[in-house]
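One file, protein38.txt, carrying compact mmCIF, C-alpha atoms:
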```txt
# COMPACT_ATOMS: atom_id res chain seq x y z
CA MET A 192 -24.65 2.86 17.49
CA LYS A 193 -23.13 5.89 15.77
CA ASN A 194 -19.52 6.70 16.34
CA ASN A 195 -19.44 10.39 17.21
CA ILE A 196 -15.75 11.07 17.45
CA LYS A 197 -14.81 14.75 17.48
CA ILE A 198 -12.13 16.07 15.13
CA ASN A 199 -9.82 16.95 18.07
CA GLU A 200 -10.14 13.45 19.45
CA PHE A 201 -9.52 11.99 15.99
CA ASN A 202 -6.33 14.07 15.62
CA ALA A 203 -5.19 13.20 19.13
CA LEU A 204 -5.70 9.49 18.49
CA ILE A 205 -3.64 9.72 15.30
CA LYS A 206 -0.85 11.49 17.17
CA ILE A 207 -0.80 8.82 19.88
CA THR A 208 -0.85 6.04 17.27
CA VAL A 209 2.05 7.56 15.33
CA GLU A 210 4.11 8.08 18.48
CA MET A 211 3.43 4.51 19.58
CA SER A 212 4.32 3.08 16.17
CA ARG A 213 7.58 5.08 16.17
CA TYR A 214 8.42 3.63 19.55
CA LEU A 215 7.34 0.10 18.61
CA TYR A 216 8.79 0.07 15.07
CA PRO A 217 11.37 -2.68 15.76
CA TYR A 218 8.60 -4.96 17.04
CA ILE A 219 6.23 -4.14 14.17
CA ARG A 220 9.03 -4.84 11.70
CA ARG A 221 9.85 -8.14 13.41
CA ILE A 222 6.21 -9.29 13.18
CA LEU A 223 6.08 -8.41 9.47
CA GLN A 224 9.37 -10.23 8.92
CA SER A 225 8.10 -13.30 10.75
CA LYS A 226 5.12 -13.49 8.37
CA GLU A 227 7.47 -13.22 5.35
CA GLU A 228 9.60 -16.11 6.61
CA LEU A 229 6.84 -18.24 8.00
CA ASP A 230 8.63 -21.50 7.18
CA LYS A 231 11.70 -20.38 9.20
CA ASP A 232 10.17 -18.42 12.02
CA LYS A 233 6.46 -18.55 12.65
CA VAL A 234 6.48 -18.20 16.46
CA ILE A 235 6.33 -14.38 16.53
CA TRP A 236 3.57 -14.14 13.91
CA ASN A 237 1.49 -16.85 15.61
CA ASP A 238 1.91 -15.28 19.06
CA PHE A 239 0.92 -11.86 17.71
CA ASN A 240 -2.09 -13.25 15.89
CA LYS A 241 -3.21 -15.16 18.98
CA ARG A 242 -2.92 -12.08 21.19
CA PHE A 243 -4.69 -9.93 18.58
CA VAL A 244 -7.64 -12.34 18.51
CA GLU A 245 -7.74 -12.46 22.33
CA LEU A 246 -7.88 -8.65 22.53
CA ILE A 247 -10.60 -8.43 19.89
CA LYS A 248 -12.68 -10.99 21.82
CA GLU A 249 -12.19 -9.03 25.04
CA ARG A 250 -12.97 -5.56 23.73
CA PHE A 251 -15.13 -5.78 20.59
CA ASN A 252 -18.68 -6.82 19.89
CA VAL A 253 -18.09 -10.36 18.66
CA ASP A 254 -21.64 -10.62 17.24
CA SER A 255 -20.84 -8.09 14.52
CA MET A 256 -20.00 -9.56 11.11
CA ARG A 257 -16.96 -7.26 10.69
CA VAL A 258 -15.56 -8.33 14.03
CA LYS A 259 -16.15 -11.99 13.15
CA LYS A 260 -13.99 -11.45 10.08
CA LEU A 261 -11.22 -10.10 12.31
CA LEU A 262 -11.45 -13.17 14.49
CA ASN A 263 -11.15 -15.66 11.66
CA GLN A 264 -7.46 -16.56 11.69
CA THR A 265 -7.43 -17.54 8.03
CA GLU A 266 -9.13 -14.31 6.87
CA ASN A 267 -7.57 -11.73 9.16
CA ASP A 268 -4.02 -11.98 7.75
CA GLU A 269 -4.64 -9.33 5.11
CA ILE A 270 -6.14 -6.85 7.59
CA ILE A 271 -3.33 -7.36 10.10
CA ILE A 272 -0.54 -7.06 7.51
CA ARG A 273 -2.05 -3.94 5.97
CA SER A 274 -2.51 -2.32 9.39
CA LEU A 275 1.05 -3.17 10.49
CA LEU A 276 2.45 -1.85 7.21
CA THR A 277 0.48 1.39 7.59
CA LEU A 278 1.89 1.85 11.09
CA SER A 279 5.42 1.08 9.96
CA LEU A 280 5.25 3.68 7.17
CA CYS A 281 4.14 6.48 9.50
CA ILE A 282 7.09 6.72 11.86
CA SER A 283 8.77 9.76 10.33
CA ASN A 284 8.38 13.34 11.61
CA GLN A 285 5.59 13.80 9.07
CA GLY A 286 4.03 10.48 10.07
CA TYR A 287 1.03 12.29 11.56
CA GLN A 288 0.13 13.90 8.21
CA LYS A 289 0.75 10.62 6.40
CA MET A 290 -1.44 8.60 8.76
CA LYS A 291 -4.21 11.20 8.59
CA ALA A 292 -4.10 11.21 4.79
CA TYR A 293 -4.23 7.39 4.70
CA LEU A 294 -7.22 7.32 7.07
CA ILE A 295 -9.09 10.05 5.23
CA ASP A 296 -8.46 8.23 1.94
CA PHE A 297 -9.94 5.02 3.38
CA MET B 5 37.04 19.44 -3.73
CA ILE B 6 35.98 17.05 -0.98
CA GLN B 7 32.40 15.89 -1.36
CA ASN B 8 29.97 15.67 1.52
CA LYS B 9 28.45 12.35 2.49
CA LEU B 10 25.22 11.94 4.39
CA SER B 11 23.76 8.63 5.50
CA PHE B 12 20.23 7.71 6.56
CA HIS B 13 19.71 4.39 8.30
CA GLN B 14 16.69 2.28 9.12
CA SER B 15 17.20 -1.28 10.38
CA SER B 16 18.49 -3.27 7.36
CA VAL B 17 18.61 -0.38 4.88
CA SER B 18 20.88 2.61 4.53
CA LEU B 19 20.80 5.44 2.03
CA GLU B 20 23.97 7.38 1.30
CA ILE B 21 23.88 10.75 -0.44
CA ILE B 22 27.10 12.18 -1.85
CA GLY B 23 27.33 15.71 -3.18
CA LEU B 24 28.40 19.29 -2.77
CA PRO B 25 26.95 22.44 -1.18
CA ASP B 26 25.87 25.24 -3.46
CA TYR B 27 27.94 28.16 -2.16
CA SER B 28 26.26 30.53 -4.61
CA ASN B 29 23.06 29.85 -2.68
CA ASN B 30 24.72 30.56 0.70
CA ASP B 31 24.71 26.90 1.75
CA ASN B 32 26.67 25.73 4.78
CA LYS B 33 29.73 23.62 4.07
CA ASP B 34 28.10 20.47 5.51
CA GLN B 35 24.95 20.75 3.35
CA ILE B 36 24.31 19.02 0.03
CA SER B 37 22.52 20.83 -2.76
CA ILE B 38 24.20 19.21 -5.75
CA ILE B 39 23.85 15.45 -5.47
CA SER B 40 26.47 13.65 -7.53
CA GLU B 41 25.75 10.11 -6.40
CA TRP B 42 23.50 8.06 -4.13
CA LYS B 43 23.67 4.50 -2.85
CA LEU B 44 20.92 2.37 -1.36
CA THR B 45 22.29 -0.53 0.63
CA ILE B 46 19.97 -3.35 1.64
CA ILE B 47 21.43 -6.17 3.71
CA ASP B 48 21.72 -9.40 1.67
CA LYS B 49 20.76 -7.63 -1.57
CA PRO B 50 22.85 -6.08 -4.33
CA LEU B 51 23.84 -2.42 -3.98
CA ILE B 52 21.58 0.06 -5.80
CA GLU B 53 23.25 3.26 -6.93
CA GLY B 54 22.69 6.02 -9.42
CA LYS B 55 22.70 9.68 -10.30
CA ILE B 56 20.33 12.42 -9.11
CA ASP B 57 18.09 11.89 -12.19
CA HIS B 58 17.30 8.39 -10.95
CA LEU B 59 16.72 9.16 -7.27
CA GLY B 60 13.51 11.19 -7.69
CA PRO B 61 11.70 8.66 -9.93
CA ILE B 62 12.76 5.74 -7.71
CA MET B 63 11.57 7.48 -4.54
CA ASN B 64 8.30 8.38 -6.25
CA ALA B 65 7.86 4.78 -7.39
CA PHE B 66 8.22 3.49 -3.83
CA TYR B 67 5.87 6.13 -2.42
CA ILE B 68 3.17 5.53 -5.02
CA TYR B 69 3.47 1.76 -4.75
CA SER B 70 3.25 1.77 -0.94
CA SER B 71 0.18 3.97 -0.93
CA LEU B 72 -1.51 1.73 -3.51
CA LEU B 73 -0.66 -1.25 -1.32
CA ILE B 74 -2.13 0.32 1.80
CA LYS B 75 -5.26 1.49 0.04
CA ASN B 76 -5.95 -2.05 -1.20
CA GLU B 77 -5.75 -0.95 -4.82
CA ASN B 78 -3.98 -2.90 -7.52
CA PRO B 79 -0.36 -2.57 -6.34
CA ILE B 80 1.54 -2.27 -9.61
CA TYR B 81 3.93 0.52 -10.54
CA GLU B 82 5.61 0.53 -13.93
CA SER B 83 7.96 3.12 -15.41
CA ARG B 84 10.96 3.44 -17.72
CA LEU B 85 13.31 3.08 -14.75
CA ILE B 86 11.60 0.84 -12.22
CA ASP B 87 8.75 -1.69 -11.98
CA ILE B 88 7.31 -2.78 -8.65
CA LYS B 89 4.73 -5.54 -8.42
CA ALA B 90 3.32 -7.51 -5.51
CA ASP B 91 3.96 -11.26 -5.72
CA ASN B 92 1.59 -11.70 -2.81
CA LEU B 93 0.61 -9.82 0.31
CA TYR B 94 4.10 -9.79 1.75
CA ILE B 95 6.59 -10.21 -1.11
CA HIS B 96 7.30 -7.42 -3.59
CA ASN B 97 9.09 -7.84 -6.87
CA ILE B 98 11.30 -4.90 -7.92
CA VAL B 99 12.81 -4.61 -11.39
CA LEU B 100 15.41 -1.86 -11.77
CA LYS B 101 16.21 -1.08 -15.37
CA SER B 102 19.59 0.41 -16.19
CA SER B 103 19.80 3.45 -18.42
CA LYS B 104 22.96 1.97 -19.98
CA GLU B 105 22.58 -0.35 -22.93
CA ASN B 106 23.38 -4.06 -22.64
CA VAL B 107 22.92 -4.04 -18.86
CA LYS B 108 20.42 -6.58 -17.66
CA PRO B 109 17.71 -5.34 -15.27
CA LEU B 110 18.28 -5.98 -11.60
CA ILE B 111 15.53 -8.05 -10.01
CA LEU B 112 14.97 -7.89 -6.26
CA LYS B 113 12.43 -9.56 -4.03
CA ILE B 114 11.75 -7.75 -0.78
CA GLY B 115 9.28 -8.22 2.05
CA ASN B 116 7.13 -5.69 3.86
CA SER B 117 9.82 -5.17 6.51
CA LEU B 118 12.41 -4.08 3.92
CA LEU B 119 9.82 -2.03 2.03
CA SER B 120 9.05 -0.03 5.17
CA ASP B 121 12.79 0.36 5.92
CA ILE B 122 13.39 1.78 2.42
CA ILE B 123 10.48 4.20 2.66
CA ASN B 124 11.59 5.33 6.12
CA CYS B 125 15.07 6.06 4.72
CA PHE B 126 13.47 8.14 1.94
CA ASP B 127 11.35 9.94 4.56
CA GLN B 128 14.50 10.79 6.53
CA LEU B 129 16.06 12.21 3.35
CA ASN B 130 12.93 14.24 2.61
CA GLU B 131 12.92 15.65 6.13
CA SER B 132 16.64 16.33 6.33
CA SER B 133 17.63 19.99 6.43
CA LYS B 134 21.13 19.09 5.24
CA VAL B 135 20.04 17.85 1.83
CA ILE B 136 18.47 20.62 -0.19
CA THR B 137 16.84 19.16 -3.25
CA LYS B 138 13.46 19.23 -4.85
CA LYS B 139 11.56 17.25 -2.27
CA THR B 140 9.60 14.33 -3.57
CA GLY B 141 5.86 14.59 -3.06
CA LEU B 142 5.44 13.07 0.34
CA SER B 143 1.79 13.55 1.04
CA ILE B 144 0.09 10.46 0.02
CA ASN B 145 1.98 10.40 -3.15
CA ILE B 146 -0.51 9.63 -5.83
CA PRO B 147 -0.61 12.21 -8.55
CA LYS B 148 -4.02 13.87 -8.75
CA LYS B 149 -4.51 12.64 -12.29
CA VAL B 150 -4.02 9.01 -11.22
CA ARG B 151 -6.21 9.51 -8.18
CA PHE B 152 -9.02 11.02 -10.21
CA GLY B 153 -8.60 8.26 -12.75
CA ILE B 154 -9.07 5.58 -10.11
CA ASN B 155 -12.03 7.39 -8.51
CA ASN B 156 -13.69 7.92 -11.85
CA LYS B 157 -13.28 4.26 -12.72
CA VAL B 158 -14.85 3.22 -9.43
CA LYS B 159 -17.69 5.75 -9.81
CA PHE B 160 -18.35 4.66 -13.38
CA PHE B 161 -18.31 1.02 -12.29
CA ASN B 162 -20.74 1.72 -9.43
CA PHE B 163 -22.96 3.71 -11.78
CA ILE B 164 -23.12 1.16 -14.56
CA MET B 165 -23.17 -2.11 -12.58
CA PRO B 166 -26.63 -2.02 -10.89
CA PRO B 167 -28.62 -1.38 -14.12
CA PHE B 168 -26.44 -3.86 -15.96
CA ILE B 169 -27.12 -6.60 -13.38
CA ALA B 170 -30.84 -5.69 -13.40
CA ILE B 171 -31.02 -6.00 -17.18
CA CYS B 172 -29.15 -9.31 -17.12
CA SER B 173 -31.48 -10.76 -14.48
CA LEU B 174 -34.53 -9.58 -16.46
CA ILE B 175 -33.16 -11.27 -19.58
CA LEU B 176 -32.49 -14.48 -17.65
CA LEU B 177 -35.94 -14.50 -16.06
CA SER B 178 -37.64 -13.75 -19.38
CA SER B 179 -35.74 -16.50 -21.16
CA THR B 180 -36.86 -19.09 -18.57
CA PHE B 181 -40.51 -18.09 -19.16
CA ILE B 182 -40.02 -18.43 -22.92
CA TYR B 183 -38.65 -21.90 -22.27
CA PHE B 184 -41.83 -22.91 -20.40
CA TYR B 185 -44.17 -21.24 -22.86
CA ASN B 186 -44.64 -23.20 -26.07
CA PRO B 187 -46.67 -21.15 -28.64
CA VAL B 188 -47.52 -24.19 -30.84
CA GLU B 189 -48.98 -26.07 -27.89
CA ASP B 190 -50.94 -22.96 -26.89
CA LYS B 191 -52.42 -22.63 -30.38
CA GLU B 192 -53.55 -26.29 -30.34
CA ARG B 193 -55.20 -25.78 -26.96
CA ASN B 194 -57.08 -22.74 -28.29
CA GLU B 195 -58.31 -24.77 -31.23
CA LEU B 196 -59.60 -27.47 -28.87
CA ILE B 197 -61.53 -24.89 -26.86
CA ASN B 198 -62.93 -23.15 -29.95
CA PRO B 199 -63.33 -25.97 -32.53
CA LYS B 200 -64.74 -23.51 -35.11
```
Take the structure in the file and give it back as structure tokens.
Amino acid sequence: MKNNIKINEFNALIKITVEMSRYLYPYIRRILQSKEELDKDKVIWNDFNKRFVELIKERFNVDSMRVKKLLNQTENDEIIIRSLLTLSLCISNQGYQKMKAYLIDF
Amino acid sequence: MIQNKLSFHQSSVSLEIIGLPDYSNNDNKDQISIISEWKLTIIDKPLIEGKIDHLGPIMNAFYIYSSLLIKNENPIYESRLIDIKADNLYIHNIVLKSSKENVKPLILKIGNSLLSDIINCFDQLNESSKVITKKTGLSINIPKKVRFGINNKVKFFNFIMPPFIAICSLILLSSTFIYFYNPVEDKERNELINPK
């Protein structure tokens, strides 16, 4: 199925994402920190990972190979960390432009 | 003359800018146009401080490194003043080299949480109307030359790899046939068929 997202919708989604990440920055930071200090504090990272997998199972097509990769708890670390880091770097006033540039560069 | 101080905070990191307004440029008295000193304080890490000449390259280093990290490219930044390398996905190794002789480089290990705090402090400085300096390139922060370099490498790699693999597989296949085909044996067989 082709993903026909319009440019306005794309921009609106980026704006919502940036606003949400600004609001949720302390939590995003805490999850990243938990992964860095896994030997001291793994509860937050494990809880987040568990919830992430649950949501993917609920809302995504689990037969797709890409989605299967997201579900694999040993393989999805890199994707989750990179996504959280991207969100945490886009909380400034120019976060919208930054996030858009990152996405276009992908 | 009393210097102005401006601070930018983000969780465990704070950036302090000390300097003076440029009255010849009609600056307000609470603005900073001439930075004399800056300090980057990270909780549980040594204080990083320097002059205006060092601030721009250090900010650029962090911006370029973070965008390389996000884009899944080789996250290494090396310069005369600062090296940043990824130890793994969530630990970054920073080497700050002093411009003074006989001063050992300062080595710091920071995680993703501190990296994002530092970059958010730099973003606040870039966006501040009270500090008037040459703003560091914020938008995605890879110089065009580097970006083109990376793209060209990838394009060249994509261009050269398929024929290269095809040629290698042809060579491998051909060599296995040569292994099965023994010309001496074939000659003997021909002689048996045609005894003349």
Report task. Find the distance between CA of Asn64 in chain B and CA of Ser28 in chain B and write it in Å to one decimal. Result ->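 Computing the Euclidean distance for CA of Asn64 in chain B and CA of Ser28 in chain B yields 28.6 Å.
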Put the listed atoms of range 211-215 of chain A in a box along x, y and z with 6 Å added on every side and give me the centre and edge lengths in Å to one decimal, as AutoDock Vina command-line options.
```
--center_x 5.9 --center_y 2.6 --center_z 17.9 --size_x 17.0 --size_y 17.0 --size_z 15.4
```
Query raised in the report: Just how far from CA of Ile98 in chain B is CA of Lys49 in chain B, in Å to one decimal?
Result: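 Those two atoms sit 11.7 Å apart.
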Report summary line: re CA of Pro109 in chain B and CA of Asn97 in chain B: distance 12.3 Å
Query raised in the report: If we count only C-alpha atoms, which residues of chain B reach to within 10 Å of chain A? Please list them as a PyMOL selection string.
Result: chain B and resi 14-15+67+70-71+73-76+93-95+114-128+130-131+142-145
**Report entry** Residue neighbourhood range 10-12 of chain B, 8 Å, all atoms listed in the file, exclusion window fewer than 3 positions, as a PyMOL selection string
**Finding:** chain B and resi 18-22+125+128-129
Report task. Using all atoms listed in the file, determine which residues lie at most 12 Å from range 257-261 of chain A, disregarding the query and same-chain residues fewer than 6 positions distant; provide the list as a count of residues only. Result -> 16
**Report entry** Within 9 Å of Ile47 in chain B using all atoms listed in the file, minus same-chain residues under 4 positions, as a PyMOL selection string
**Finding:** chain B and resi 16-18+51
Query raised in the report: Taking into account all atoms listed in the file, which residue in the set B:Glu77, B:Glu53, B:Asp91, B:Glu82 is nearest to Ser103 in chain B?
Result: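 Closest candidate: B:Glu53.
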Because some atoms of range 205-217 of chain A are absent here, can you restore N, CA, C and O atoms and send them as a CSV table (one decimal), in the coordinates of the input?
```
chain,number,residue,atom,x,y,z
A,205,ILE,N,-4.7,9.9,16.3
A,205,ILE,CA,-3.6,9.7,15.3
A,205,ILE,C,-2.3,10.0,15.9
A,205,ILE,O,-1.3,9.3,15.6
A,206,LYS,N,-2.2,11.1,16.6
A,206,LYS,CA,-0.8,11.5,17.2
A,206,LYS,C,-0.3,10.4,18.1
A,206,LYS,O,0.8,10.0,18.0
A,207,ILE,N,-1.2,9.9,18.9
A,207,ILE,CA,-0.8,8.8,19.9
A,207,ILE,C,-0.4,7.6,19.1
A,207,ILE,O,0.7,7.0,19.4
A,208,THR,N,-1.2,7.2,18.1
A,208,THR,CA,-0.8,6.0,17.3
A,208,THR,C,0.5,6.2,16.6
A,208,THR,O,1.3,5.2,16.6
A,209,VAL,N,0.8,7.4,16.0
A,209,VAL,CA,2.0,7.6,15.3
A,209,VAL,C,3.2,7.5,16.3
A,209,VAL,O,4.2,6.9,16.0
A,210,GLU,N,3.0,8.1,17.5
A,210,GLU,CA,4.1,8.1,18.5
A,210,GLU,C,4.4,6.6,18.9
A,210,GLU,O,5.5,6.2,19.1
A,211,MET,N,3.3,5.9,19.1
A,211,MET,CA,3.4,4.5,19.6
A,211,MET,C,4.1,3.7,18.5
A,211,MET,O,5.0,2.8,18.8
A,212,SER,N,3.7,3.9,17.2
A,212,SER,CA,4.3,3.1,16.2
A,212,SER,C,5.8,3.4,16.0
A,212,SER,O,6.6,2.5,15.7
A,213,ARG,N,6.2,4.7,16.2
A,213,ARG,CA,7.6,5.1,16.2
A,213,ARG,C,8.4,4.3,17.2
A,213,ARG,O,9.4,3.8,17.0
A,214,TYR,N,7.8,4.3,18.4
A,214,TYR,CA,8.4,3.6,19.6
A,214,TYR,C,8.5,2.1,19.3
A,214,TYR,O,9.5,1.5,19.7
A,215,LEU,N,7.4,1.6,18.7
A,215,LEU,CA,7.3,0.1,18.6
A,215,LEU,C,7.8,-0.4,17.2
A,215,LEU,O,7.6,-1.6,16.9
A,216,TYR,N,8.4,0.5,16.4
A,216,TYR,CA,8.8,0.1,15.1
A,216,TYR,C,9.6,-1.2,15.0
A,216,TYR,O,9.3,-2.1,14.2
A,217,PRO,N,10.6,-1.4,15.9
A,217,PRO,CA,11.4,-2.7,15.8
A,217,PRO,C,10.5,-3.9,15.9
A,217,PRO,O,10.7,-4.9,15.3
```
